[in-house]
file model09.cif (mmCIF, C-alpha atoms)
data_query
loop_
_atom_site.label_atom_id
_atom_site.label_comp_id
_atom_site.auth_asym_id
_atom_site.auth_seq_id
_atom_site.Cartn_x
_atom_site.Cartn_y
_atom_site.Cartn_z
CA MET Q 139 1.46 -12.52 12.19
CA SER Q 140 0.91 -12.22 8.50
CA SER Q 141 2.52 -14.93 6.44
CA SER Q 142 5.27 -14.64 3.86
CA LEU Q 143 4.55 -14.92 0.16
CA ALA Q 144 7.02 -17.79 0.23
CA SER Q 145 5.94 -20.53 2.63
CA GLU Q 146 9.55 -21.71 2.96
CA CYS Q 147 10.37 -18.35 4.59
CA ASN Q 148 7.55 -18.43 7.12
CA GLU Q 149 9.59 -19.91 9.91
CA VAL Q 150 12.46 -17.42 9.73
CA LYS Q 151 9.98 -14.58 9.11
CA GLU Q 152 8.10 -15.51 12.27
CA ARG Q 153 11.29 -15.44 14.30
CA TYR Q 154 12.21 -12.07 12.84
CA ASP Q 155 8.70 -10.66 13.29
CA SER Q 156 8.64 -11.66 16.96
CA CYS Q 157 12.03 -10.07 17.54
CA PHE Q 158 11.02 -6.90 15.70
CA LEU Q 159 7.72 -6.58 17.50
CA LYS Q 160 9.44 -6.83 20.87
CA TRP Q 161 12.16 -4.34 19.93
CA TYR Q 162 9.73 -1.96 18.24
CA SER Q 163 7.26 -1.86 21.12
CA GLU Q 164 9.73 -2.00 24.00
CA LYS Q 165 12.68 -0.01 22.66
CA PHE Q 166 11.81 1.98 19.54
CA LEU Q 167 8.39 3.36 20.41
CA PRO Q 168 9.39 4.43 23.95
CA GLY Q 169 12.34 6.23 22.32
CA LYS Q 170 14.99 4.01 23.94
CA ALA Q 171 16.40 2.33 20.85
CA THR Q 172 20.10 2.74 20.12
CA LYS Q 173 20.41 0.07 17.39
CA ASP Q 174 18.30 -2.39 15.45
CA GLU Q 175 18.66 -5.46 17.64
CA CYS Q 176 16.94 -7.75 15.15
CA GLU Q 177 19.24 -7.10 12.23
CA PRO Q 178 20.95 -10.54 12.32
CA LEU Q 179 17.55 -12.25 12.12
CA PHE Q 180 16.46 -9.87 9.39
CA ARG Q 181 19.49 -10.82 7.30
CA GLN Q 182 18.50 -14.50 7.55
CA TYR Q 183 14.91 -13.74 6.61
CA LYS Q 184 16.00 -11.49 3.76
CA GLN Q 185 18.27 -14.16 2.35
CA CYS Q 186 15.35 -16.57 2.16
CA LEU Q 187 13.00 -13.91 0.78
CA GLU Q 188 15.35 -12.67 -1.93
CA LYS Q 189 15.79 -16.19 -3.23
CA ALA Q 190 12.01 -16.63 -3.30
CA LEU Q 191 11.49 -13.30 -5.09
CA LYS Q 192 14.02 -14.28 -7.71
CA GLU Q 193 12.45 -17.68 -8.25
CA ARG Q 194 9.08 -16.05 -8.75
CA GLY Q 195 10.49 -13.39 -11.04
CA ILE Q 196 9.34 -10.58 -8.77
CA ASP Q 197 12.83 -9.25 -8.04
CA ASP Q 198 13.09 -7.23 -11.26
CA MET Q 199 9.68 -5.64 -10.84
CA LEU Q 200 10.56 -4.76 -7.27
CA ALA Q 201 13.93 -3.30 -8.20
CA ALA Q 202 12.33 -1.14 -10.91
CA ALA Q 203 9.68 0.14 -8.53
CA ARG Q 204 12.23 0.97 -5.86
CA GLU Q 205 14.44 2.74 -8.37
CA ASP Q 206 11.41 4.78 -9.41
CA ASN Q 207 10.76 5.52 -5.74
CA ARG Q 208 14.32 6.68 -5.18
CA GLU Q 209 14.13 9.04 -8.14
CA ASN Q 210 10.91 10.51 -6.80
CA ASP Q 211 12.49 10.88 -3.38
CA ALA Q 212 15.47 12.69 -4.82
CA GLU Q 213 13.05 14.97 -6.63
CA ASN Q 214 10.96 15.59 -3.53
CA MET Q 215 13.95 16.15 -1.27
CA LYS Q 216 15.25 18.99 -3.41
CA PRO Q 217 15.13 22.26 -1.53
CA SER Q 218 12.18 24.27 -2.80
CA MET B 50 -5.29 13.07 -16.45
CA VAL B 51 -5.18 12.34 -12.77
CA LYS B 52 -7.81 11.80 -10.12
CA PHE B 53 -7.02 12.83 -6.60
CA TYR B 54 -8.70 11.70 -3.38
CA ALA B 55 -7.95 13.42 -0.08
CA ALA B 56 -9.24 12.91 3.45
CA SER B 57 -8.25 13.97 6.95
CA PHE B 58 -9.28 12.23 10.13
CA SER B 59 -7.96 11.32 13.55
CA TYR B 60 -7.63 8.24 15.70
CA ASP B 61 -8.41 8.53 19.40
CA TYR B 62 -5.22 6.67 20.20
CA SER B 63 -1.71 7.77 21.05
CA PHE B 64 0.85 8.07 18.28
CA PRO B 65 2.94 5.07 19.47
CA ALA B 66 -0.22 2.93 19.47
CA VAL B 67 -1.03 3.97 15.89
CA ALA B 68 2.58 3.45 14.81
CA LEU B 69 2.43 -0.05 16.28
CA ALA B 70 -0.97 -0.86 14.80
CA TYR B 71 0.27 0.20 11.39
CA PHE B 72 2.73 -2.71 11.20
CA LEU B 73 0.19 -5.06 12.75
CA ARG B 74 -2.80 -4.14 10.63
CA TYR B 75 -2.77 -7.23 8.44
CA PRO B 76 -4.64 -9.43 8.78
CA ASN B 77 -7.71 -7.72 10.20
CA PRO B 78 -11.39 -8.46 9.55
CA TYR B 79 -11.45 -5.77 6.85
CA SER B 80 -8.38 -6.99 5.04
CA THR B 81 -8.85 -10.70 4.54
CA HIS B 82 -7.93 -10.21 0.89
CA VAL B 83 -4.32 -9.57 1.98
CA LEU B 84 -2.61 -12.87 1.30
CA SER B 85 0.90 -12.16 2.51
CA THR B 86 3.15 -9.43 3.85
CA ASP B 87 6.93 -9.39 3.69
CA VAL B 88 9.55 -6.95 4.91
CA VAL B 89 11.82 -6.21 1.98
CA GLU B 90 14.00 -3.60 3.67
CA ARG B 91 14.28 -2.10 7.12
CA SER B 92 16.76 0.36 8.57
CA PHE B 93 17.04 2.25 11.82
CA GLU B 94 18.85 5.59 11.96
CA PRO B 95 20.23 6.02 15.49
CA GLU B 96 21.03 9.72 14.87
CA THR B 97 17.49 10.72 14.01
CA GLY B 98 15.65 7.88 15.70
CA ARG B 99 13.83 7.14 12.43
CA LEU B 100 12.79 3.73 11.20
CA HIS B 101 12.48 3.13 7.46
CA THR B 102 10.60 0.10 6.22
CA ILE B 103 9.68 -1.27 2.81
CA ARG B 104 7.10 -4.03 2.74
CA LEU B 105 5.62 -6.08 -0.06
CA HIS B 106 1.98 -7.14 0.21
CA LEU B 107 0.26 -9.66 -1.98
CA LYS B 108 -3.45 -8.95 -2.31
CA ARG B 109 -6.31 -10.69 -3.95
CA SER B 110 -8.18 -8.12 -5.96
CA LYS B 111 -10.92 -7.97 -8.50
CA ILE B 112 -10.88 -5.97 -11.67
CA PRO B 113 -14.21 -4.15 -11.60
CA PRO B 114 -16.49 -5.39 -14.42
CA ALA B 115 -16.94 -1.77 -15.50
CA VAL B 116 -13.18 -1.45 -16.01
CA LEU B 117 -12.97 -4.87 -17.63
CA LYS B 118 -15.38 -3.73 -20.33
CA LEU B 119 -13.06 -0.84 -21.17
CA LEU B 120 -9.94 -2.92 -21.58
CA PRO B 121 -8.87 -4.41 -24.88
CA LYS B 122 -8.48 -8.19 -24.78
CA SER B 123 -4.80 -7.90 -25.66
CA ILE B 124 -4.14 -6.17 -22.34
CA LEU B 125 -6.00 -8.74 -20.29
CA GLY B 126 -4.12 -11.62 -21.88
CA ALA B 127 -3.99 -14.79 -19.85
CA SER B 128 -5.97 -13.38 -16.97
CA SER B 129 -9.01 -12.60 -19.11
CA ASN B 130 -10.66 -15.82 -18.03
CA GLY B 131 -11.47 -14.35 -14.65
CA THR B 132 -11.72 -10.96 -13.01
CA SER B 133 -10.00 -12.12 -9.84
CA THR B 134 -6.30 -11.54 -9.73
CA GLU B 135 -3.41 -11.32 -7.28
CA SER B 136 -1.40 -8.17 -7.19
CA TYR B 137 1.68 -6.89 -5.45
CA ILE B 138 1.65 -3.67 -3.47
CA LEU B 139 4.84 -1.92 -2.36
CA GLU B 140 4.54 -0.04 0.91
CA LYS B 141 7.15 2.38 2.17
CA SER B 142 7.09 3.98 5.60
CA THR B 143 9.15 6.18 7.88
CA VAL B 144 8.44 6.50 11.58
CA ASP B 145 10.00 9.33 13.57
CA ILE B 146 9.27 8.62 17.18
CA LYS B 147 11.12 11.65 18.55
CA GLU B 148 9.17 14.14 16.48
CA GLY B 149 6.04 12.02 16.58
CA TRP B 150 5.17 11.49 12.93
CA MET B 151 4.96 8.74 10.37
CA GLU B 152 4.79 8.91 6.58
CA THR B 153 3.57 6.03 4.45
CA GLU B 154 3.22 5.39 0.76
CA SER B 155 1.71 2.44 -1.09
CA ARG B 156 1.61 1.75 -4.79
CA ASN B 157 0.59 -1.06 -7.09
CA LEU B 158 3.40 -2.79 -8.95
CA GLU B 159 1.38 -4.36 -11.73
CA TRP B 160 -1.22 -3.05 -14.13
CA THR B 161 0.34 0.39 -13.74
CA GLY B 162 -0.31 1.07 -17.43
CA VAL B 163 -4.00 0.54 -16.91
CA LEU B 164 -4.14 2.24 -13.55
CA SER B 165 -1.48 3.52 -11.21
CA VAL B 166 -2.59 4.02 -7.61
CA ILE B 167 -0.38 5.87 -5.15
CA GLU B 168 -1.69 6.17 -1.65
CA LYS B 169 0.03 8.40 0.87
CA GLN B 170 -0.59 9.00 4.53
CA THR B 171 0.92 11.31 7.08
CA TYR B 172 0.25 10.59 10.75
CA TRP B 173 1.25 12.90 13.52
CA ARG B 174 0.92 13.21 17.26
CA GLN B 175 -1.64 15.82 18.20
CA SER B 176 -0.70 17.87 21.21
CA ALA B 177 -2.86 20.23 23.21
CA GLY B 178 -3.55 23.62 21.70
CA GLN B 179 -2.12 22.77 18.31
CA GLY B 180 -3.71 23.39 14.99
CA GLN B 181 -4.02 21.11 12.00
CA GLY B 182 -1.41 20.35 9.43
CA LEU B 183 2.14 19.26 9.16
CA ALA B 184 3.41 22.43 10.78
CA SER B 185 1.97 21.17 14.05
CA ARG B 186 4.42 18.27 14.35
CA SER B 187 5.97 18.73 17.73
CA THR B 188 7.65 16.94 20.53
CA THR B 189 5.54 18.52 23.23
CA ARG B 190 3.16 16.32 25.15
CA ARG B 191 -0.44 16.92 25.89
CA SER B 192 -0.87 18.76 29.14
CA ASP B 193 -4.61 19.27 29.20
CA GLY B 194 -5.43 15.74 30.32
CA GLN B 195 -7.30 15.07 27.10
CA PRO B 196 -6.94 11.60 25.63
CA ASP B 197 -4.18 11.16 23.07
CA ARG B 198 -4.99 11.64 19.46
CA THR B 199 -3.23 10.95 16.21
CA GLU B 200 -4.09 13.00 13.14
CA VAL B 201 -3.99 11.56 9.65
CA ASP B 202 -3.87 13.17 6.23
CA SER B 203 -4.56 10.70 3.48
CA THR B 204 -4.33 11.11 -0.30
CA VAL B 205 -4.79 8.73 -3.18
CA THR B 206 -3.60 9.60 -6.68
CA LEU B 207 -5.17 7.61 -9.50
CA GLN B 208 -3.83 7.74 -13.01
CA SER B 209 -4.58 5.70 -16.09
CA ARG B 210 -2.02 5.64 -18.89
CA LEU B 211 -3.96 3.14 -20.92
CA GLY B 212 -2.96 3.22 -24.58
CA GLU B 213 -0.34 5.92 -24.14
CA ALA B 214 2.66 3.78 -25.04
CA ARG B 215 0.75 2.45 -28.01
CA ARG B 216 -0.22 5.91 -29.17
CA LYS B 217 3.38 7.06 -28.92
CA ARG B 218 4.54 4.09 -30.97
CA LYS B 219 1.85 4.75 -33.59
CA ARG B 220 2.91 8.35 -33.85
CA ARG B 221 6.52 7.31 -34.26
CA GLU B 222 5.61 4.76 -36.93
CA ALA B 223 3.54 7.34 -38.77
CA ALA B 224 6.44 9.77 -38.69
CA ASP B 225 8.82 7.08 -39.95
CA ARG B 226 6.44 6.24 -42.76
CA ALA B 227 6.09 9.86 -43.75
CA ALA B 228 9.87 10.21 -43.80
CA ALA B 229 10.23 7.08 -45.90
CA VAL B 230 7.56 8.27 -48.30
CA ALA B 231 9.22 11.65 -48.63
CA ALA B 232 12.59 10.02 -49.21
CA GLU B 233 11.38 7.69 -51.93
CA GLU B 234 9.01 10.23 -53.41
CA THR B 235 6.58 7.49 -54.21
CA GLU B 236 2.85 7.74 -53.93
CA GLU B 237 1.61 5.37 -51.40
CA GLU B 238 -1.86 4.55 -50.34
CA ILE B 239 -2.64 6.25 -47.07
CA PRO B 240 -2.97 3.53 -44.44
CA LYS B 241 -6.46 3.00 -43.10
CA PRO B 242 -6.81 4.23 -39.57
CA SER B 243 -6.53 1.32 -37.20
CA LEU B 244 -9.00 0.62 -34.45
CA TRP B 245 -6.53 1.99 -31.97
CA LYS B 246 -6.21 5.20 -33.89
CA THR B 247 -9.93 5.80 -34.11
CA TRP B 248 -10.61 4.61 -30.61
CA SER B 249 -9.58 7.59 -28.58
CA THR B 250 -8.29 6.38 -25.23
CA GLY B 251 -8.65 9.68 -23.43
CA PRO B 252 -12.27 9.12 -22.37
CA VAL B 253 -11.43 5.51 -21.44
CA GLN B 254 -8.60 6.66 -19.18
CA ARG B 255 -10.96 9.14 -17.56
CA SER B 256 -13.59 6.44 -17.06
CA ILE B 257 -11.11 4.08 -15.43
CA GLU B 258 -9.89 6.84 -13.14
CA LEU B 259 -13.46 7.73 -12.19
CA ILE B 260 -14.42 4.12 -11.44
CA ALA B 261 -11.26 3.72 -9.35
CA PHE B 262 -12.00 6.98 -7.58
CA ARG B 263 -15.47 5.80 -6.55
CA ARG B 264 -14.03 2.54 -5.27
CA THR B 265 -11.39 4.45 -3.35
CA GLU B 266 -14.14 6.46 -1.70
CA GLY B 267 -15.64 3.16 -0.60
CA SER B 268 -12.45 1.40 0.45
CA GLN B 269 -10.69 4.19 2.37
CA PRO B 270 -13.18 4.18 5.28
CA LYS B 271 -12.72 0.40 5.48
CA ALA B 272 -8.96 0.81 5.79
CA LYS B 273 -9.62 3.12 8.72
CA GLU B 274 -12.02 0.62 10.32
CA GLY B 275 -9.38 -2.09 9.97
CA MET B 276 -6.86 0.06 11.82
CA LYS B 277 -9.44 0.76 14.53
CA VAL B 278 -10.03 -2.96 15.09
CA VAL B 279 -6.29 -3.47 15.60
CA LEU B 280 -6.04 -0.37 17.84
CA GLU B 281 -8.94 -1.54 19.99
CA ARG B 282 -7.36 -4.97 20.40
CA LEU B 283 -4.13 -3.25 21.44
CA ARG B 284 -5.96 -1.12 23.99
CA GLN B 285 -7.78 -4.08 25.47
CA GLY B 286 -5.10 -6.71 25.58
CA GLY B 287 -1.86 -5.40 24.17
CA ILE B 288 0.15 -7.14 21.50
CA VAL B 289 -1.00 -10.56 22.68
CA ALA B 290 -4.62 -9.63 21.92
CA VAL B 291 -3.61 -8.33 18.49
CA LEU B 292 -1.78 -11.55 17.68
CA ASP B 293 -4.71 -13.65 18.92
CA GLY B 294 -7.06 -11.57 16.81
CA MET B 295 -4.80 -11.97 13.81
CA HIS B 296 -4.76 -15.69 14.23
CA LYS B 297 -8.57 -15.74 14.29
CA ASP B 298 -8.80 -13.46 11.25
CA HIS B 299 -6.35 -15.66 9.43
CA LEU B 300 -8.48 -18.72 10.10
CA GLU B 301 -11.60 -16.84 9.15
CA SER B 302 -10.21 -15.67 5.86
CA GLY B 303 -10.17 -19.24 4.66
CA ARG B 304 -13.85 -19.71 5.49
CA GLY B 305 -17.19 -18.13 4.76
CA SER B 306 -18.22 -14.60 5.51
CA HIS B 307 -20.06 -15.25 8.77
CA GLY B 308 -17.29 -15.76 11.26
CA PRO B 309 -17.41 -15.06 14.96
CA TRP B 310 -15.51 -11.81 14.47
CA LYS B 311 -18.53 -10.38 12.73
CA GLU B 312 -20.56 -10.90 15.86
CA GLN B 313 -17.79 -9.46 17.97
CA LEU B 314 -17.53 -6.44 15.73
CA SER B 315 -21.21 -5.70 15.61
CA GLN B 316 -21.10 -5.11 19.36
CA GLY B 317 -18.78 -2.20 18.85
CA THR B 318 -19.92 1.38 19.04
CA ASP B 319 -18.98 2.24 15.50
CA THR B 320 -21.50 1.88 12.77
CA MET B 321 -20.23 -1.04 10.78
CA VAL B 322 -20.05 -0.94 7.07
CA THR B 323 -20.64 -4.09 5.08
CA ILE B 324 -17.62 -6.27 5.52
CA GLN B 325 -16.33 -7.77 2.34
CA HIS B 326 -13.75 -10.46 2.03
CA GLU B 327 -12.63 -9.64 -1.45
CA GLY B 328 -10.71 -6.43 -1.82
CA ASP B 329 -13.11 -3.82 -2.98
CA GLY B 330 -10.65 -1.16 -3.96
CA PHE B 331 -7.34 -1.33 -5.68
CA LEU B 332 -5.25 -0.60 -2.66
CA ASP B 333 -7.76 -0.85 0.13
CA GLN B 334 -6.04 -1.72 3.33
#

call {"tool": "encode", "arguments": {"input": "model09.cif", "output": "structure tokens"}}
result
Amino acid sequence: MSSSLASECNEVKERYDSCFLKWYSEKFLPGKATKDECEPLFRQYKQCLEKALKERGIDDMLAAAREDNRENDAENMKPS
Amino acid sequence: MVKFYAASFSYDYSFPAVALAYFLRYPNPYSTHVLSTDVVERSFEPETGRLHTIRLHLKRSKIPPAVLKLLPKSILGASSNGTSTESYILEKSTVDIKEGWMETESRNLEWTGVLSVIEKQTYWRQSAGQGQGLASRSTTRRSDGQPDRTEVDSTVTLQSRLGEARRKRKRREAADRAAAVAAEETEEEIPKPSLWKTWSTGPVQRSIELIAFRRTEGSQPKAKEGMKVVLERLRQGGIVAVLDGMHKDHLESGRGSHGPWKEQLSQGTDTMVTIQHEGDGFLDQ
């Protein structure tokens, strides 16, 4: 799988990626998914990633971009 | 000023295969400039069966020399010593497996003042007897025995805002000065026009957008070829083959440009374009 931008998160990312790939291909894509079974692993991975993003000063840039995205979404979702 | 690139094409693979390949497309032999990929957010909606994902990619990219010439040194700053840079790309996607469609959007997070690139794709399951376009999204399955196909509409919006913030500030300063002058009723020497004032950025913005547009025309087919490599690996050996291929690509990306995958690829039926290790476009996938 592709690696994380933070090498310290690679291990937990790999565990999450494996879980996701299995769930996505065996449950989600065949239309049998009822819940995201990999959420606990994702939370662990996210915890590591968020720390790394903060340390690298990327968190603010990311938050701004996502805010911008949300505004665009709200705009696009308006009934025409 | 905005430049707009649009293309439509189809993959001869089922929608679930394309939806799987999408998350597995890095690394591939066409994307060795992608350094890392992280999942920033992911949520599954049980009611609709939709999966929302936000990923952050770090890519090695080159500022084209033609663009570099157009940029003032103050913008380039610390990175002016080289044209190679690393940049973050935010990718948002929604997969609806019940209705058989997927929407994706990628945008650059840095250098957006110089050039903002927003790339959007819509994928949808093509069923027998259906026309083109989003209206054809359907849950019906092919009944004519034809191989599965997935249609794609792709657009790239390129916009340069170079110098706009500066121009606005200049205008504001000029207005303030005029107000001050009027208030004091003193005669003041008219300030000499600065370089930025005389140097109209409009044509520069247009040039940057045009250069980026040409590079997009070159990089978009490569993004498609990269997806095809992953799809073919899936068809031949499932996820295991994709992961093996990824591992090889990963090793190759650290080496020269004549890896074994090149040989493997050249045996394919598709006409191969020149494979480049450095990202050629701004958002090429």

call {"tool": "interface_residues", "arguments": {"input": "model09.cif", "of": "chain Q", "to": "chain B", "cutoff": "7 Å", "atoms": "only C-alpha atoms", "output": "list in words"}}
result
Met139, Ser140, Ser141, Ser142, Leu143, Leu167, Gly169, Thr172, Lys173, Asp174, Lys184 and Ala203 of chain Q

call {"tool": "resolve_selection", "arguments": {"input": "model09.cif", "expression": "the PyMOL selection byres ((chain B and resi 273-278) around 7)", "output": "MDAnalysis selection string"}}
result
chainID B and resid 70 74 77:79 269:272 279:282

call {"tool": "write_last_selection", "arguments": {"input": "model09.cif", "atoms": "C-alpha atoms", "output": "PDB file, in the coordinates of the input"}}
result
ATOM      1  CA  ALA B  70      -0.970  -0.860  14.800  1.00  0.00           C
ATOM      2  CA  ARG B  74      -2.800  -4.140  10.630  1.00  0.00           C
ATOM      3  CA  ASN B  77      -7.710  -7.720  10.200  1.00  0.00           C
ATOM      4  CA  PRO B  78     -11.390  -8.460   9.550  1.00  0.00           C
ATOM      5  CA  TYR B  79     -11.450  -5.770   6.850  1.00  0.00           C
ATOM      6  CA  GLN B 269     -10.690   4.190   2.370  1.00  0.00           C
ATOM      7  CA  PRO B 270     -13.180   4.180   5.280  1.00  0.00           C
ATOM      8  CA  LYS B 271     -12.720   0.400   5.480  1.00  0.00           C
ATOM      9  CA  ALA B 272      -8.960   0.810   5.790  1.00  0.00           C
ATOM     10  CA  VAL B 279      -6.290  -3.470  15.600  1.00  0.00           C
ATOM     11  CA  LEU B 280      -6.040  -0.370  17.840  1.00  0.00           C
ATOM     12  CA  GLU B 281      -8.940  -1.540  19.990  1.00  0.00           C
ATOM     13  CA  ARG B 282      -7.360  -4.970  20.400  1.00  0.00           C
TER      14      ARG B 282
END

call {"tool": "resolve_selection", "arguments": {"input": "model09.cif", "expression": "the PyMOL selection byres ((chain Q and resi 182) around 10)", "output": "JSON, numbers by chain"}}
result
{"Q": [147, 150, 151, 153, 154, 177, 178, 179, 180, 181, 183, 184, 185, 186, 187]}

call {"tool": "atom_distance", "arguments": {"input": "model09.cif", "atom1": "CA of Gln254 in chain B", "atom2": "CA of Arg226 in chain B"}}
result
28.0 Å

call {"tool": "atom_distance", "arguments": {"input": "model09.cif", "atom1": "CA of Met50 in chain B", "atom2": "CA of Glu213 in chain B"}}
result
11.6 Å

call {"tool": "atom_distance", "arguments": {"input": "model09.cif", "atom1": "CA of Leu119 in chain B", "atom2": "CA of Arg220 in chain B"}}
result
22.4 Å

call {"tool": "resolve_selection", "arguments": {"input": "model09.cif", "expression": "the PyMOL selection byres ((chain B and resi 63) around 9)", "output": "short mmCIF file (atom, residue, chain, number, x, y, z; two decimals) with C-alpha atoms, keeping the file's coordinate frame"}}
result
data_model
loop_
_atom_site.label_atom_id
_atom_site.label_comp_id
_atom_site.auth_asym_id
_atom_site.auth_seq_id
_atom_site.Cartn_x
_atom_site.Cartn_y
_atom_site.Cartn_z
CA TYR B 60 -7.63 8.24 15.70
CA ASP B 61 -8.41 8.53 19.40
CA TYR B 62 -5.22 6.67 20.20
CA PHE B 64 0.85 8.07 18.28
CA PRO B 65 2.94 5.07 19.47
CA ALA B 66 -0.22 2.93 19.47
CA VAL B 67 -1.03 3.97 15.89
CA ALA B 68 2.58 3.45 14.81
CA ARG B 174 0.92 13.21 17.26
CA GLN B 175 -1.64 15.82 18.20
CA PRO B 196 -6.94 11.60 25.63
CA ASP B 197 -4.18 11.16 23.07
CA ARG B 198 -4.99 11.64 19.46
CA THR B 199 -3.23 10.95 16.21
#

call {"tool": "residues_around", "arguments": {"input": "model09.cif", "residues": "Thr161 in chain B", "least_positions_apart": "4", "cutoff": "10 Å", "atoms": "only C-alpha atoms", "output": "MDAnalysis selection string"}}
result
chainID B and resid 156:157 165:166 208:211

call {"tool": "axis_aligned_box", "arguments": {"input": "model09.cif", "around": "range 213-229 of chain B", "padding_each_side": "4 Å", "output": "AutoDock Vina command-line options"}}
result
--center_x 4.9 --center_y 6.3 --center_z -35.0 --size_x 18.6 --size_y 15.8 --size_z 29.8

call {"tool": "closest_residue", "arguments": {"input": "model09.cif", "among": "B:Ala56, B:Ser133, B:Tyr71, B:Glu200", "to": "Leu283 in chain B", "atoms": "all atoms listed in the file"}}
result
B:Tyr71

call {"tool": "decode", "arguments": {"input": "model09.cif", "residues": "range 164-177 of chain B", "atoms": "N, CA, C and O atoms", "output": "PDB file, in the first residue's frame"}}
result
ATOM      1  N   LEU B 164      -1.571  29.245  -9.087  1.00  0.00           N
ATOM      2  CA  LEU B 164      -2.443  28.418  -9.921  1.00  0.00           C
ATOM      3  C   LEU B 164      -3.290  27.500  -9.048  1.00  0.00           C
ATOM      4  O   LEU B 164      -2.762  26.743  -8.240  1.00  0.00           O
ATOM      5  N   SER B 165      -4.593  27.578  -9.222  1.00  0.00           N
ATOM      6  CA  SER B 165      -5.474  26.662  -8.526  1.00  0.00           C
ATOM      7  C   SER B 165      -5.972  25.625  -9.535  1.00  0.00           C
ATOM      8  O   SER B 165      -6.424  25.974 -10.624  1.00  0.00           O
ATOM      9  N   VAL B 166      -5.826  24.361  -9.178  1.00  0.00           N
ATOM     10  CA  VAL B 166      -6.236  23.274 -10.071  1.00  0.00           C
ATOM     11  C   VAL B 166      -7.305  22.449  -9.371  1.00  0.00           C
ATOM     12  O   VAL B 166      -7.064  21.928  -8.289  1.00  0.00           O
ATOM     13  N   ILE B 167      -8.469  22.371  -9.941  1.00  0.00           N
ATOM     14  CA  ILE B 167      -9.526  21.532  -9.367  1.00  0.00           C
ATOM     15  C   ILE B 167      -9.935  20.507 -10.414  1.00  0.00           C
ATOM     16  O   ILE B 167     -10.377  20.849 -11.509  1.00  0.00           O
ATOM     17  N   GLU B 168      -9.734  19.257 -10.037  1.00  0.00           N
ATOM     18  CA  GLU B 168      -9.993  18.180 -10.971  1.00  0.00           C
ATOM     19  C   GLU B 168     -11.183  17.374 -10.471  1.00  0.00           C
ATOM     20  O   GLU B 168     -11.209  16.981  -9.312  1.00  0.00           O
ATOM     21  N   LYS B 169     -12.176  17.199 -11.323  1.00  0.00           N
ATOM     22  CA  LYS B 169     -13.363  16.450 -10.893  1.00  0.00           C
ATOM     23  C   LYS B 169     -13.645  15.303 -11.848  1.00  0.00           C
ATOM     24  O   LYS B 169     -13.488  15.450 -13.059  1.00  0.00           O
ATOM     25  N   GLN B 170     -14.086  14.200 -11.266  1.00  0.00           N
ATOM     26  CA  GLN B 170     -14.465  13.059 -12.079  1.00  0.00           C
ATOM     27  C   GLN B 170     -15.784  12.481 -11.596  1.00  0.00           C
ATOM     28  O   GLN B 170     -16.042  12.433 -10.399  1.00  0.00           O
ATOM     29  N   THR B 171     -16.592  12.072 -12.546  1.00  0.00           N
ATOM     30  CA  THR B 171     -17.794  11.319 -12.219  1.00  0.00           C
ATOM     31  C   THR B 171     -17.704   9.984 -12.954  1.00  0.00           C
ATOM     32  O   THR B 171     -17.471   9.950 -14.154  1.00  0.00           O
ATOM     33  N   TYR B 172     -17.839   8.910 -12.197  1.00  0.00           N
ATOM     34  CA  TYR B 172     -17.810   7.555 -12.771  1.00  0.00           C
ATOM     35  C   TYR B 172     -19.209   6.979 -12.611  1.00  0.00           C
ATOM     36  O   TYR B 172     -19.838   7.189 -11.584  1.00  0.00           O
ATOM     37  N   TRP B 173     -19.675   6.270 -13.587  1.00  0.00           N
ATOM     38  CA  TRP B 173     -20.928   5.578 -13.364  1.00  0.00           C
ATOM     39  C   TRP B 173     -21.020   4.285 -14.174  1.00  0.00           C
ATOM     40  O   TRP B 173     -20.426   4.143 -15.224  1.00  0.00           O
ATOM     41  N   ARG B 174     -21.761   3.369 -13.586  1.00  0.00           N
ATOM     42  CA  ARG B 174     -21.983   2.049 -14.159  1.00  0.00           C
ATOM     43  C   ARG B 174     -22.789   2.213 -15.436  1.00  0.00           C
ATOM     44  O   ARG B 174     -23.823   2.882 -15.459  1.00  0.00           O
ATOM     45  N   GLN B 175     -22.309   1.618 -16.504  1.00  0.00           N
ATOM     46  CA  GLN B 175     -23.017   1.700 -17.773  1.00  0.00           C
ATOM     47  C   GLN B 175     -23.811   0.423 -17.980  1.00  0.00           C
ATOM     48  O   GLN B 175     -23.261  -0.663 -17.983  1.00  0.00           O
ATOM     49  N   SER B 176     -25.104   0.592 -18.093  1.00  0.00           N
ATOM     50  CA  SER B 176     -25.952  -0.584 -18.311  1.00  0.00           C
ATOM     51  C   SER B 176     -26.395  -0.641 -19.764  1.00  0.00           C
ATOM     52  O   SER B 176     -26.317   0.347 -20.483  1.00  0.00           O
ATOM     53  N   ALA B 177     -26.872  -1.777 -20.160  1.00  0.00           N
ATOM     54  CA  ALA B 177     -27.274  -1.992 -21.553  1.00  0.00           C
ATOM     55  C   ALA B 177     -28.361  -1.003 -21.960  1.00  0.00           C
ATOM     56  O   ALA B 177     -29.272  -0.706 -21.203  1.00  0.00           O
TER      57      ALA B 177
END
